[in-house]
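Peer 1: Quick one: structure below, then a few questions.
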Protein chains: 2
Amino acid sequence: MMTLVEQVIRPNVSDDSLLLTAVASPVAPPPRLLMGPGPITVDPRILRAMSAQLVGQYDPAMTAYMTETQALYREVFRTSNEATLLVDGTSRAGIEAALVSLISPGDRVLVPVFGRFGHLLREIAERCGAEVHVREVPWGEVFTLEALEEAVAEVRPKLVALVQGDTSTTMNQPLEGVGAMCHRYDALLYVDCTASIAGNPFEMDAWEIDAATAGLQKCIGGPSGSSPISLSPRAVAVIDARRSVEAGLRSDPESEDETVPTPVRIRSNYFDLGMILDYWGAKRLNHHTEATTMLYGARECARLLLEEGLDEGIARHRLHGDAMLAGVQALGLSVFGDVAHKMHNVVAVEIPSGVDGEAVRAELLNDYGIEIGTSFGPLAGKVWRIGTMGYNARKDAVLVTLAALEQVLRKYGAIVEPSAGTAAAQEVYAR
Amino acid sequence: MMTLVEQVIRPNVSDDSLLLTAVASPVAPPPRLLMGPGPITVDPRILRAMSAQLVGQYDPAMTAYMTETQALYREVFRTSNEATLLVDGTSRAGIEAALVSLISPGDRVLVPVFGRFGHLLREIAERCGAEVHVREVPWGEVFTLEALEEAVAEVRPKLVALVQGDTSTTMNQPLEGVGAMCHRYDALLYVDCTASIAGNPFEMDAWEIDAATAGLQKCIGGPSGSSPISLSPRAVAVIDARRSVEAGLRSDPESEDETVPTPVRIRSNYFDLGMILDYWGAKRLNHHTEATTMLYGARECARLLLEEGLDEGIARHRLHGDAMLAGVQALGLSVFGDVAHKMHNVVAVEIPSGVDGEAVRAELLNDYGIEIGTSFGPLAGKVWRIGTMGYNARKDAVLVTLAALEQVLRKYGAIVEPSAGTAAAQEVYAR
């Protein structure tokens with residue numbers, strides 16, 4: 001019998017001590033209060049659901065969970081769309097699935113950009129072969145309906161791809177009327193609501209959105225790794241025209257699949273929503289092996305959202321977001337962007353001049369166990385992003401964060417009125 | 001305060017009773033012994049690891065887990081490849097990431113097909129825009145090295161894409177010498193080892209494989225949803241020539257990214273291994289939000305494999321696979337395909353004539369709690385597939401399955417010698 005050391009040390013591996021440590025150490029992460037822009041601390045009930053043992057891919061229990069998960073997410077998206085399901089991957093997997101399934105090479109796509117994730121939509125659409133037209137407002141602002149209509153009238157796109165809440169700027173793009181406007185110009189509307197849904201109003205049907213995708217790791221309250229998605233009948237019709245059946249599933253794999261004209265074949269198999277719909281739908285045609293543990297988690301996330309009530313959950317995010325906003329302002333921090341249009345669940349604050357932003361974040365994390373967020377692109381090094389979402393949209397999480405932030409700000413040279421942050425938050429709670 | 005019913009019943013939802021049940025019912029799957037071709041029952045230690053609370057995406061604890069996971073999977077793949085990491089999605093996500101990142105439109109790709117997953121490689125390569133050349137052997141056989149070389153010499157592909165273990169047929173393609181042969185013809189070798197790795201020998205470096213992808217849900221012993229992948233320096237060089245940086249991460253998102261010539265831009269953002277390498281590597285450039293829970297699971301899977309010893313784990317799969325093989329043969333079932341080349345971890349048996357295959361599977365599942373597998377394509381309705389893999393490569397799992405199968409076979413009209421299956425398996429164990 002070889003010893004552990006003999007088993008794992010191999011001549012071609014240079015980092016043996018790291019490896020030995022890893023083999024000897026089960027997962028045991030340090031306790032953190034995740035108050036950044038996501039991922040956030042997961043409700044322990046969701047983690048418990050995810051520790052449930054697997055059942056087979058076509059077990060009646062599994063297909064029932066899939067059907068129930070669809071029903072639950074119809075509620076979360078506020079839609080009657082039959083085509084509501086999960087894509088197995090992070091929120092960006094859902095975005096790519098929607099775009100690659102809806103966009104044929106050469107299609108005109110309009111992407112209004114107001115932050116990092118608008119740029120992401122643009123780049124994914126480009127990679128899908130779209131002729132992409134971009135409109136931009138400065139980071140920290142949103143588009144008016146008029147500006148969007150003007151762009152649609154000019155570009156005449158097949159698809160408008162729009163972020164609702166962009167965590168890079170904290171802005172929440174108003175969507176009322178956007179879908180109806182797009183439809184007047186015969187364009188489909190896709191919305192990435194990853195960062196906003198369940199913490200801010202989102203109305204798939206009322207706002208006439210044709211495709212929407214999300215992730216679990218923001219206000220939905222779970223870990224990253226599953227992307228809820230919903231498609232209107234109009235979107236499904238586009239995908240239907242591109243449907244195919246995998247060769248290895250046909251009784252004669254050599255036969256040509258006559259259902260799909262090659263020129264519009266979806267460029268991805270993994271993200272082919274036609275195939276994924278056939279897997280989730282009545283046909284139950286095998287595609288990927290569903291990530292059961294993530295499905296359990298996604299189902300429990302939605303179940304808890306509905307148990308609380310969607311409106312109640314949104315109101316909770318508003319309350320704790322308001323308390324955090326009042327708190328950071330009372331600590332003397334300037335809020336970035338158009339506060340009237342910020343999401344409930346995250347606030348970006350300017351790093352005071354003379355204060356080392358990364359040192360503050362490091363001390364909060366290492367000494368207080370609290371994570372707040374850094375930022376990207378044009379805002380890199382200029383703002384911190386502080387979230388109050390999902391399980392952490394809670395009074396104690398807000399107050400502890402403000403109390404700790406006060407200590408660290410003062411230590412790093414900011415002038416901070418003692419207890420001003422927590423007092424301002426308490427005032428919001430007392431209203 | 002609204003009642004639960006008022007909260008969840010919405011006029012546009014037709015399946016209200018299903019929804020109410022779902023909202024009232026946390027995840028509680030029935031106990032199953034999963035003896036199909038995967039997914040299989042997960043080692044409870046892995047599920048416990050996956051119930052750990054999250055840390056932030058750039059927490060030192062998180063980046064340490066990522067680095068450790070890379071070191072652990074280098075051992076699992078038997079490689080010194082620095083570019084060893086996880087793709088966030090099921091095993092098929094790993095396949096698509098490898099192919100879309102290595103294949104530029106117009107590239108010649110050779111796909112030797114001996115089962116369903118060869119057809120999958122073919123179709124993914126086609127969707128990547130490759131000029132795909134297929135060679136086939138009948139389901140139940142594998143390719144000789146000579147046949148592969150002949151095909152490579154004819155096609156002169158940039159990439160050969162090959163499955164190692166194809167669960168659709170249970171065959172295990174010999175790979176020794178294949179990489180060296182491909183390199184003599186200046187072709188890269190990609191291998192999908194999802195179904196075979198950790199249950200059968202796999203030697204990434206010794207066999208000169210340039211890209212390999214797997215999934216957790218077979219012999220690695222975890223749930224589906226994370227795809228370990230490793231890339232040789234030769235494969236990384238191909239990807240390096242196609243690298244780009246996401247617009248929203250650049251300080252001026254409007255600037256052109258001069259690092260990538262447009263014609264060879266990778267067609268997917270989510271599966272852009274250049275970006276994923278920049279996220280896992282020293283740059284830690286943000287891409288997707290890592291699916292932390294799946295990472296915890298993947299890390300624990302590899303940790304347990306190395307704790308047992310890779311060779312010991314493969315020997316365990318051989319032992320219990322041999323016992324199951326002897327058992328089903330003693331029950332009078334004919335084994336499908338070239339038994340000398342079957343994977344250790346799964347056996348396909350022909351459904352006896354006159355026996356209703358789906359009725360047998362249903363009774364095993366519903367009355368005995370045991371799942372065995374059905375089949376696809378040309379084998380649909382002709383064979384059952386019985387796995388002994390991961391946590392279920394265990395004596396008690398083999399014996400209980402054989403005992404139950406005997407009961408059900410007899411009930412559905414097969415002539416079965418009493419206790420022949422378990423006796424034959426016990427003989428294997430007694431050797």
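Each chain in the structure tokens gets a letter, A, B and so on, in the order shown; residues start at 1 in every chain, and ligands are counted from 1 in the order they appear.
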I'd like to know which residues of range 99-168 of chain B are strand (DSSP E) (by DSSP, run on the backbone); could you write them as a list in words?
Peer 2: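 Strand (DSSP E) assignments inside range 99-168 of chain B correspond to Arg108, Val109, Leu110, Val111, Pro112, Val113, Glu131, Val132, His133, Val134, Arg135, Glu136, Leu159, Val160, Ala161, Leu162, Val163, Gly165 and Asp166 of chain B.
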Peer 1: Neighbouring residues of range 335-342 of chain A were defined as those with any atom within 7 Å, considering only C-alpha atoms; residues of the same chain fewer than 2 positions away were excluded. Please report them as a list in words.
Peer 2: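 Those residues are Gly140, Glu141, Thr170, Met171, Asn172, Leu333, His344, Ala348, Val349 and Glu350 of chain A.
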Peer 1: Could those residues be written to a file, using N, CA and C atoms, as a PDB file, in the first residue's frame?
Peer 2:
ATOM      1  N   GLY A 140     -23.534  55.295 -15.593  1.00  0.00           N
ATOM      2  CA  GLY A 140     -24.197  56.016 -14.519  1.00  0.00           C
ATOM      3  C   GLY A 140     -25.534  56.595 -14.951  1.00  0.00           C
ATOM      4  N   GLU A 141     -25.856  56.436 -16.263  1.00  0.00           N
ATOM      5  CA  GLU A 141     -27.161  56.891 -16.774  1.00  0.00           C
ATOM      6  C   GLU A 141     -27.908  55.719 -17.401  1.00  0.00           C
ATOM      7  N   THR A 170     -24.642  50.022 -11.443  1.00  0.00           N
ATOM      8  CA  THR A 170     -25.803  49.915 -10.533  1.00  0.00           C
ATOM      9  C   THR A 170     -27.103  50.421 -11.167  1.00  0.00           C
ATOM     10  N   MET A 171     -27.065  50.847 -12.424  1.00  0.00           N
ATOM     11  CA  MET A 171     -28.261  51.434 -13.038  1.00  0.00           C
ATOM     12  C   MET A 171     -29.306  50.370 -13.393  1.00  0.00           C
ATOM     13  N   ASN A 172     -30.581  50.786 -13.287  1.00  0.00           N
ATOM     14  CA  ASN A 172     -31.722  49.931 -13.596  1.00  0.00           C
ATOM     15  C   ASN A 172     -32.486  50.560 -14.766  1.00  0.00           C
ATOM     16  N   LEU A 333     -19.871  59.389   2.016  1.00  0.00           N
ATOM     17  CA  LEU A 333     -19.500  58.863   0.697  1.00  0.00           C
ATOM     18  C   LEU A 333     -20.456  59.379  -0.378  1.00  0.00           C
ATOM     19  N   HIS A 344     -32.347  48.570  -6.499  1.00  0.00           N
ATOM     20  CA  HIS A 344     -32.494  48.542  -5.046  1.00  0.00           C
ATOM     21  C   HIS A 344     -31.326  47.837  -4.367  1.00  0.00           C
ATOM     22  N   ALA A 348     -23.181  52.089  -5.744  1.00  0.00           N
ATOM     23  CA  ALA A 348     -21.767  52.356  -6.027  1.00  0.00           C
ATOM     24  C   ALA A 348     -21.400  53.657  -5.347  1.00  0.00           C
ATOM     25  N   VAL A 349     -20.334  53.638  -4.568  1.00  0.00           N
ATOM     26  CA  VAL A 349     -19.908  54.860  -3.873  1.00  0.00           C
ATOM     27  C   VAL A 349     -18.500  55.210  -4.295  1.00  0.00           C
ATOM     28  N   GLU A 350     -18.272  56.506  -4.422  1.00  0.00           N
ATOM     29  CA  GLU A 350     -16.952  56.955  -4.855  1.00  0.00           C
ATOM     30  C   GLU A 350     -15.937  56.766  -3.730  1.00  0.00           C
TER      31      GLU A 350
END
Peer 1: I need the residue nearest chain A from this list: B:Glu427, B:Glu312, B:Glu406, B:Asp367. Use only C-alpha atoms for the distance.
Peer 2: B:Glu312
Peer 1: Write down as a PDB file with N, CA and C atoms, in the first residue's frame the residues of range 21-165 of chain B whose backbone DSSP state falls under alpha helix (DSSP H).
Peer 2:
ATOM      1  N   THR B  21     -48.125  22.975  -5.071  1.00  0.00           N
ATOM      2  CA  THR B  21     -47.377  21.843  -4.534  1.00  0.00           C
ATOM      3  C   THR B  21     -45.891  22.165  -4.495  1.00  0.00           C
ATOM      4  N   ALA B  22     -45.408  22.745  -5.576  1.00  0.00           N
ATOM      5  CA  ALA B  22     -43.980  23.039  -5.653  1.00  0.00           C
ATOM      6  C   ALA B  22     -43.574  24.041  -4.581  1.00  0.00           C
ATOM      7  N   VAL B  23     -44.397  25.074  -4.401  1.00  0.00           N
ATOM      8  CA  VAL B  23     -44.040  26.099  -3.410  1.00  0.00           C
ATOM      9  C   VAL B  23     -44.040  25.501  -2.007  1.00  0.00           C
ATOM     10  N   ALA B  24     -44.915  24.530  -1.780  1.00  0.00           N
ATOM     11  CA  ALA B  24     -45.030  23.957  -0.437  1.00  0.00           C
ATOM     12  C   ALA B  24     -44.026  22.836  -0.182  1.00  0.00           C
ATOM     13  N   PRO B  44     -21.611  10.884  -0.673  1.00  0.00           N
ATOM     14  CA  PRO B  44     -22.160  11.911   0.232  1.00  0.00           C
ATOM     15  C   PRO B  44     -21.126  12.951   0.665  1.00  0.00           C
ATOM     16  N   ARG B  45     -19.849  12.577   0.651  1.00  0.00           N
ATOM     17  CA  ARG B  45     -18.830  13.561   1.023  1.00  0.00           C
ATOM     18  C   ARG B  45     -18.759  14.699   0.012  1.00  0.00           C
ATOM     19  N   ILE B  46     -19.058  14.370  -1.238  1.00  0.00           N
ATOM     20  CA  ILE B  46     -19.054  15.416  -2.270  1.00  0.00           C
ATOM     21  C   ILE B  46     -20.258  16.342  -2.080  1.00  0.00           C
ATOM     22  N   LEU B  47     -21.405  15.757  -1.776  1.00  0.00           N
ATOM     23  CA  LEU B  47     -22.588  16.590  -1.532  1.00  0.00           C
ATOM     24  C   LEU B  47     -22.366  17.489  -0.319  1.00  0.00           C
ATOM     25  N   ARG B  48     -21.691  16.966   0.682  1.00  0.00           N
ATOM     26  CA  ARG B  48     -21.407  17.814   1.861  1.00  0.00           C
ATOM     27  C   ARG B  48     -20.500  18.973   1.480  1.00  0.00           C
ATOM     28  N   ALA B  49     -19.495  18.688   0.660  1.00  0.00           N
ATOM     29  CA  ALA B  49     -18.605  19.776   0.223  1.00  0.00           C
ATOM     30  C   ALA B  49     -19.398  20.844  -0.511  1.00  0.00           C
ATOM     31  N   MET B  50     -20.401  20.402  -1.288  1.00  0.00           N
ATOM     32  CA  MET B  50     -21.189  21.334  -2.085  1.00  0.00           C
ATOM     33  C   MET B  50     -22.180  22.123  -1.244  1.00  0.00           C
ATOM     34  N   PRO B  60      -9.272  35.441  -1.432  1.00  0.00           N
ATOM     35  CA  PRO B  60      -8.071  34.597  -1.476  1.00  0.00           C
ATOM     36  C   PRO B  60      -8.401  33.115  -1.274  1.00  0.00           C
ATOM     37  N   ALA B  61      -9.440  32.833  -0.503  1.00  0.00           N
ATOM     38  CA  ALA B  61      -9.831  31.433  -0.303  1.00  0.00           C
ATOM     39  C   ALA B  61     -10.344  30.835  -1.612  1.00  0.00           C
ATOM     40  N   MET B  62     -11.063  31.645  -2.378  1.00  0.00           N
ATOM     41  CA  MET B  62     -11.621  31.161  -3.643  1.00  0.00           C
ATOM     42  C   MET B  62     -10.520  30.935  -4.674  1.00  0.00           C
ATOM     43  N   THR B  63      -9.633  31.904  -4.816  1.00  0.00           N
ATOM     44  CA  THR B  63      -8.577  31.730  -5.819  1.00  0.00           C
ATOM     45  C   THR B  63      -7.662  30.574  -5.403  1.00  0.00           C
ATOM     46  N   ALA B  64      -7.481  30.378  -4.098  1.00  0.00           N
ATOM     47  CA  ALA B  64      -6.697  29.215  -3.657  1.00  0.00           C
ATOM     48  C   ALA B  64      -7.410  27.914  -4.041  1.00  0.00           C
ATOM     49  N   TYR B  65      -8.724  27.877  -3.867  1.00  0.00           N
ATOM     50  CA  TYR B  65      -9.463  26.663  -4.272  1.00  0.00           C
ATOM     51  C   TYR B  65      -9.338  26.429  -5.770  1.00  0.00           C
ATOM     52  N   MET B  66      -9.377  27.507  -6.533  1.00  0.00           N
ATOM     53  CA  MET B  66      -9.236  27.353  -7.980  1.00  0.00           C
ATOM     54  C   MET B  66      -7.860  26.772  -8.323  1.00  0.00           C
ATOM     55  N   THR B  67      -6.827  27.343  -7.711  1.00  0.00           N
ATOM     56  CA  THR B  67      -5.467  26.865  -7.986  1.00  0.00           C
ATOM     57  C   THR B  67      -5.300  25.408  -7.545  1.00  0.00           C
ATOM     58  N   GLU B  68      -5.843  25.073  -6.390  1.00  0.00           N
ATOM     59  CA  GLU B  68      -5.754  23.692  -5.905  1.00  0.00           C
ATOM     60  C   GLU B  68      -6.509  22.743  -6.834  1.00  0.00           C
ATOM     61  N   THR B  69      -7.671  23.199  -7.306  1.00  0.00           N
ATOM     62  CA  THR B  69      -8.473  22.359  -8.202  1.00  0.00           C
ATOM     63  C   THR B  69      -7.706  22.079  -9.492  1.00  0.00           C
ATOM     64  N   GLN B  70      -6.984  23.087  -9.968  1.00  0.00           N
ATOM     65  CA  GLN B  70      -6.155  22.873 -11.151  1.00  0.00           C
ATOM     66  C   GLN B  70      -5.094  21.804 -10.892  1.00  0.00           C
ATOM     67  N   ALA B  71      -4.432  21.915  -9.729  1.00  0.00           N
ATOM     68  CA  ALA B  71      -3.383  20.934  -9.403  1.00  0.00           C
ATOM     69  C   ALA B  71      -3.979  19.536  -9.275  1.00  0.00           C
ATOM     70  N   LEU B  72      -5.138  19.444  -8.652  1.00  0.00           N
ATOM     71  CA  LEU B  72      -5.777  18.131  -8.468  1.00  0.00           C
ATOM     72  C   LEU B  72      -6.139  17.509  -9.818  1.00  0.00           C
ATOM     73  N   TYR B  73      -6.700  18.308 -10.724  1.00  0.00           N
ATOM     74  CA  TYR B  73      -7.107  17.737 -12.027  1.00  0.00           C
ATOM     75  C   TYR B  73      -5.912  17.462 -12.934  1.00  0.00           C
ATOM     76  N   ARG B  74      -4.774  18.130 -12.706  1.00  0.00           N
ATOM     77  CA  ARG B  74      -3.570  17.712 -13.443  1.00  0.00           C
ATOM     78  C   ARG B  74      -3.260  16.253 -13.116  1.00  0.00           C
ATOM     79  N   GLU B  75      -3.434  15.894 -11.851  1.00  0.00           N
ATOM     80  CA  GLU B  75      -3.214  14.499 -11.464  1.00  0.00           C
ATOM     81  C   GLU B  75      -4.240  13.578 -12.100  1.00  0.00           C
ATOM     82  N   VAL B  76      -5.498  14.002 -12.090  1.00  0.00           N
ATOM     83  CA  VAL B  76      -6.566  13.150 -12.633  1.00  0.00           C
ATOM     84  C   VAL B  76      -6.334  12.907 -14.125  1.00  0.00           C
ATOM     85  N   PHE B  77      -5.935  13.955 -14.843  1.00  0.00           N
ATOM     86  CA  PHE B  77      -5.668  13.807 -16.282  1.00  0.00           C
ATOM     87  C   PHE B  77      -4.277  13.209 -16.537  1.00  0.00           C
ATOM     88  N   SER B  91     -20.658  18.178 -19.106  1.00  0.00           N
ATOM     89  CA  SER B  91     -19.531  17.655 -19.885  1.00  0.00           C
ATOM     90  C   SER B  91     -19.583  18.149 -21.322  1.00  0.00           C
ATOM     91  N   ARG B  92     -20.785  18.298 -21.844  1.00  0.00           N
ATOM     92  CA  ARG B  92     -20.932  18.768 -23.224  1.00  0.00           C
ATOM     93  C   ARG B  92     -20.491  20.231 -23.365  1.00  0.00           C
ATOM     94  N   ALA B  93     -20.549  20.981 -22.290  1.00  0.00           N
ATOM     95  CA  ALA B  93     -20.019  22.356 -22.316  1.00  0.00           C
ATOM     96  C   ALA B  93     -18.505  22.317 -22.507  1.00  0.00           C
ATOM     97  N   GLY B  94     -17.846  21.372 -21.831  1.00  0.00           N
ATOM     98  CA  GLY B  94     -16.402  21.229 -21.997  1.00  0.00           C
ATOM     99  C   GLY B  94     -16.034  20.859 -23.424  1.00  0.00           C
ATOM    100  N   ILE B  95     -16.805  19.946 -24.000  1.00  0.00           N
ATOM    101  CA  ILE B  95     -16.558  19.538 -25.391  1.00  0.00           C
ATOM    102  C   ILE B  95     -16.635  20.759 -26.300  1.00  0.00           C
ATOM    103  N   GLU B  96     -17.730  21.506 -26.147  1.00  0.00           N
ATOM    104  CA  GLU B  96     -17.932  22.644 -27.049  1.00  0.00           C
ATOM    105  C   GLU B  96     -16.864  23.721 -26.822  1.00  0.00           C
ATOM    106  N   ALA B  97     -16.463  23.920 -25.570  1.00  0.00           N
ATOM    107  CA  ALA B  97     -15.406  24.910 -25.293  1.00  0.00           C
ATOM    108  C   ALA B  97     -14.117  24.514 -26.009  1.00  0.00           C
ATOM    109  N   ALA B  98     -13.767  23.242 -25.920  1.00  0.00           N
ATOM    110  CA  ALA B  98     -12.528  22.789 -26.571  1.00  0.00           C
ATOM    111  C   ALA B  98     -12.639  22.958 -28.082  1.00  0.00           C
ATOM    112  N   LEU B  99     -13.760  22.515 -28.647  1.00  0.00           N
ATOM    113  CA  LEU B  99     -13.852  22.523 -30.111  1.00  0.00           C
ATOM    114  C   LEU B  99     -13.975  23.948 -30.653  1.00  0.00           C
ATOM    115  N   VAL B 100     -14.819  24.770 -30.040  1.00  0.00           N
ATOM    116  CA  VAL B 100     -15.013  26.117 -30.597  1.00  0.00           C
ATOM    117  C   VAL B 100     -13.747  26.968 -30.414  1.00  0.00           C
ATOM    118  N   SER B 101     -12.955  26.647 -29.389  1.00  0.00           N
ATOM    119  CA  SER B 101     -11.730  27.423 -29.167  1.00  0.00           C
ATOM    120  C   SER B 101     -10.588  26.957 -30.062  1.00  0.00           C
ATOM    121  N   LEU B 102     -10.615  25.692 -30.458  1.00  0.00           N
ATOM    122  CA  LEU B 102      -9.523  25.158 -31.290  1.00  0.00           C
ATOM    123  C   LEU B 102      -9.829  25.235 -32.775  1.00  0.00           C
ATOM    124  N   ARG B 116     -22.810   7.352 -30.140  1.00  0.00           N
ATOM    125  CA  ARG B 116     -23.551   8.606 -30.103  1.00  0.00           C
ATOM    126  C   ARG B 116     -22.653   9.813 -29.900  1.00  0.00           C
ATOM    127  N   PHE B 117     -21.666   9.667 -29.044  1.00  0.00           N
ATOM    128  CA  PHE B 117     -20.912  10.862 -28.686  1.00  0.00           C
ATOM    129  C   PHE B 117     -19.899  11.247 -29.762  1.00  0.00           C
ATOM    130  N   GLY B 118     -19.561  10.292 -30.626  1.00  0.00           N
ATOM    131  CA  GLY B 118     -18.817  10.654 -31.828  1.00  0.00           C
ATOM    132  C   GLY B 118     -19.682  11.520 -32.738  1.00  0.00           C
ATOM    133  N   HIS B 119     -20.942  11.134 -32.869  1.00  0.00           N
ATOM    134  CA  HIS B 119     -21.862  11.968 -33.659  1.00  0.00           C
ATOM    135  C   HIS B 119     -21.989  13.363 -33.048  1.00  0.00           C
ATOM    136  N   LEU B 120     -21.945  13.420 -31.720  1.00  0.00           N
ATOM    137  CA  LEU B 120     -22.014  14.734 -31.071  1.00  0.00           C
ATOM    138  C   LEU B 120     -20.783  15.576 -31.422  1.00  0.00           C
ATOM    139  N   LEU B 121     -19.608  14.956 -31.370  1.00  0.00           N
ATOM    140  CA  LEU B 121     -18.388  15.704 -31.735  1.00  0.00           C
ATOM    141  C   LEU B 121     -18.500  16.201 -33.173  1.00  0.00           C
ATOM    142  N   ARG B 122     -19.006  15.340 -34.032  1.00  0.00           N
ATOM    143  CA  ARG B 122     -19.163  15.724 -35.434  1.00  0.00           C
ATOM    144  C   ARG B 122     -20.059  16.953 -35.545  1.00  0.00           C
ATOM    145  N   GLU B 123     -21.190  16.874 -34.866  1.00  0.00           N
ATOM    146  CA  GLU B 123     -22.139  17.975 -35.051  1.00  0.00           C
ATOM    147  C   GLU B 123     -21.667  19.270 -34.399  1.00  0.00           C
ATOM    148  N   ILE B 124     -20.963  19.167 -33.290  1.00  0.00           N
ATOM    149  CA  ILE B 124     -20.420  20.393 -32.692  1.00  0.00           C
ATOM    150  C   ILE B 124     -19.342  20.979 -33.604  1.00  0.00           C
ATOM    151  N   ALA B 125     -18.489  20.123 -34.142  1.00  0.00           N
ATOM    152  CA  ALA B 125     -17.438  20.612 -35.055  1.00  0.00           C
ATOM    153  C   ALA B 125     -18.066  21.280 -36.284  1.00  0.00           C
ATOM    154  N   GLU B 126     -19.151  20.698 -36.788  1.00  0.00           N
ATOM    155  CA  GLU B 126     -19.851  21.312 -37.932  1.00  0.00           C
ATOM    156  C   GLU B 126     -20.360  22.698 -37.560  1.00  0.00           C
ATOM    157  N   ARG B 127     -20.960  22.783 -36.377  1.00  0.00           N
ATOM    158  CA  ARG B 127     -21.504  24.084 -35.963  1.00  0.00           C
ATOM    159  C   ARG B 127     -20.399  25.109 -35.747  1.00  0.00           C
ATOM    160  N   LEU B 145      -5.415   1.517 -34.484  1.00  0.00           N
ATOM    161  CA  LEU B 145      -4.489   2.636 -34.713  1.00  0.00           C
ATOM    162  C   LEU B 145      -4.224   2.787 -36.212  1.00  0.00           C
ATOM    163  N   GLU B 146      -4.150   1.672 -36.920  1.00  0.00           N
ATOM    164  CA  GLU B 146      -3.888   1.708 -38.359  1.00  0.00           C
ATOM    165  C   GLU B 146      -5.041   2.404 -39.088  1.00  0.00           C
ATOM    166  N   ALA B 147      -6.248   2.071 -38.717  1.00  0.00           N
ATOM    167  CA  ALA B 147      -7.407   2.697 -39.369  1.00  0.00           C
ATOM    168  C   ALA B 147      -7.420   4.199 -39.106  1.00  0.00           C
ATOM    169  N   LEU B 148      -7.060   4.572 -37.884  1.00  0.00           N
ATOM    170  CA  LEU B 148      -7.020   6.001 -37.567  1.00  0.00           C
ATOM    171  C   LEU B 148      -5.930   6.689 -38.384  1.00  0.00           C
ATOM    172  N   GLU B 149      -4.782   6.059 -38.491  1.00  0.00           N
ATOM    173  CA  GLU B 149      -3.685   6.674 -39.240  1.00  0.00           C
ATOM    174  C   GLU B 149      -4.048   6.813 -40.716  1.00  0.00           C
ATOM    175  N   GLU B 150      -4.676   5.791 -41.249  1.00  0.00           N
ATOM    176  CA  GLU B 150      -5.089   5.854 -42.658  1.00  0.00           C
ATOM    177  C   GLU B 150      -6.013   7.058 -42.884  1.00  0.00           C
ATOM    178  N   ALA B 151      -6.946   7.247 -41.953  1.00  0.00           N
ATOM    179  CA  ALA B 151      -7.885   8.366 -42.094  1.00  0.00           C
ATOM    180  C   ALA B 151      -7.160   9.704 -41.973  1.00  0.00           C
ATOM    181  N   VAL B 152      -6.254   9.792 -41.023  1.00  0.00           N
ATOM    182  CA  VAL B 152      -5.513  11.047 -40.837  1.00  0.00           C
ATOM    183  C   VAL B 152      -4.671  11.344 -42.070  1.00  0.00           C
ATOM    184  N   ALA B 153      -4.047  10.314 -42.626  1.00  0.00           N
ATOM    185  CA  ALA B 153      -3.209  10.501 -43.816  1.00  0.00           C
ATOM    186  C   ALA B 153      -4.049  10.971 -45.001  1.00  0.00           C
ATOM    187  N   GLU B 154      -5.256  10.487 -45.097  1.00  0.00           N
ATOM    188  CA  GLU B 154      -6.138  10.902 -46.192  1.00  0.00           C
ATOM    189  C   GLU B 154      -6.660  12.325 -46.002  1.00  0.00           C
ATOM    190  N   VAL B 155      -7.157  12.592 -44.800  1.00  0.00           N
ATOM    191  CA  VAL B 155      -7.875  13.858 -44.564  1.00  0.00           C
ATOM    192  C   VAL B 155      -6.914  15.011 -44.286  1.00  0.00           C
TER     193      VAL B 155
END
Peer 1: What lies within 9 Å of range 415-417 of chain B using only C-alpha atoms, ignoring chain neighbours under 4 positions off, as a PDB file with C-alpha atoms, in the first residue's frame?
Peer 2:
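Generated output (around31.pdb):
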ATOM      1  CA  ALA B 330     -24.822 -15.772 -15.603  1.00  0.00           C
ATOM      2  CA  LEU B 331     -28.354 -14.385 -15.638  1.00  0.00           C
ATOM      3  CA  GLY B 332     -28.434 -15.446 -19.280  1.00  0.00           C
ATOM      4  CA  GLU B 406     -33.065 -11.624 -11.305  1.00  0.00           C
ATOM      5  CA  GLN B 407     -36.456 -11.097  -9.674  1.00  0.00           C
ATOM      6  CA  LEU B 409     -36.340 -10.711 -15.301  1.00  0.00           C
ATOM      7  CA  ARG B 410     -38.153 -13.804 -14.064  1.00  0.00           C
ATOM      8  CA  GLY B 421     -26.030 -13.709 -11.110  1.00  0.00           C
TER       9      GLY B 421
END
Peer 1: Can you list, as a ChimeraX atom specification, every protein, DNA or RNA residue that comes within 9 Å of range 160-165 of chain A when you count only C-alpha atoms, leaving out same-chain residues fewer than 3 positions away?
Peer 2: /A:99,108-115,117-118,121-122,125,152,157,168-175,182,187-197,200,202,342-343
Peer 1: Here is a test: counting only C-alpha atoms, which residue of B:Asp166, B:Asp107, B:Glu290, B:Glu363 is nearest to chain A?
Peer 2: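 Between B:Asp166, B:Asp107, B:Glu290, B:Glu363, the residue approaching chain A most closely is B:Glu290.
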Peer 1: Leaving out Ser353 in chain B and any residue of its chain fewer than 6 positions from it, which residues lie within 10 Å of it when counting only C-alpha atoms, given as number ranges by chain?
Peer 2: B: 382, 413-414
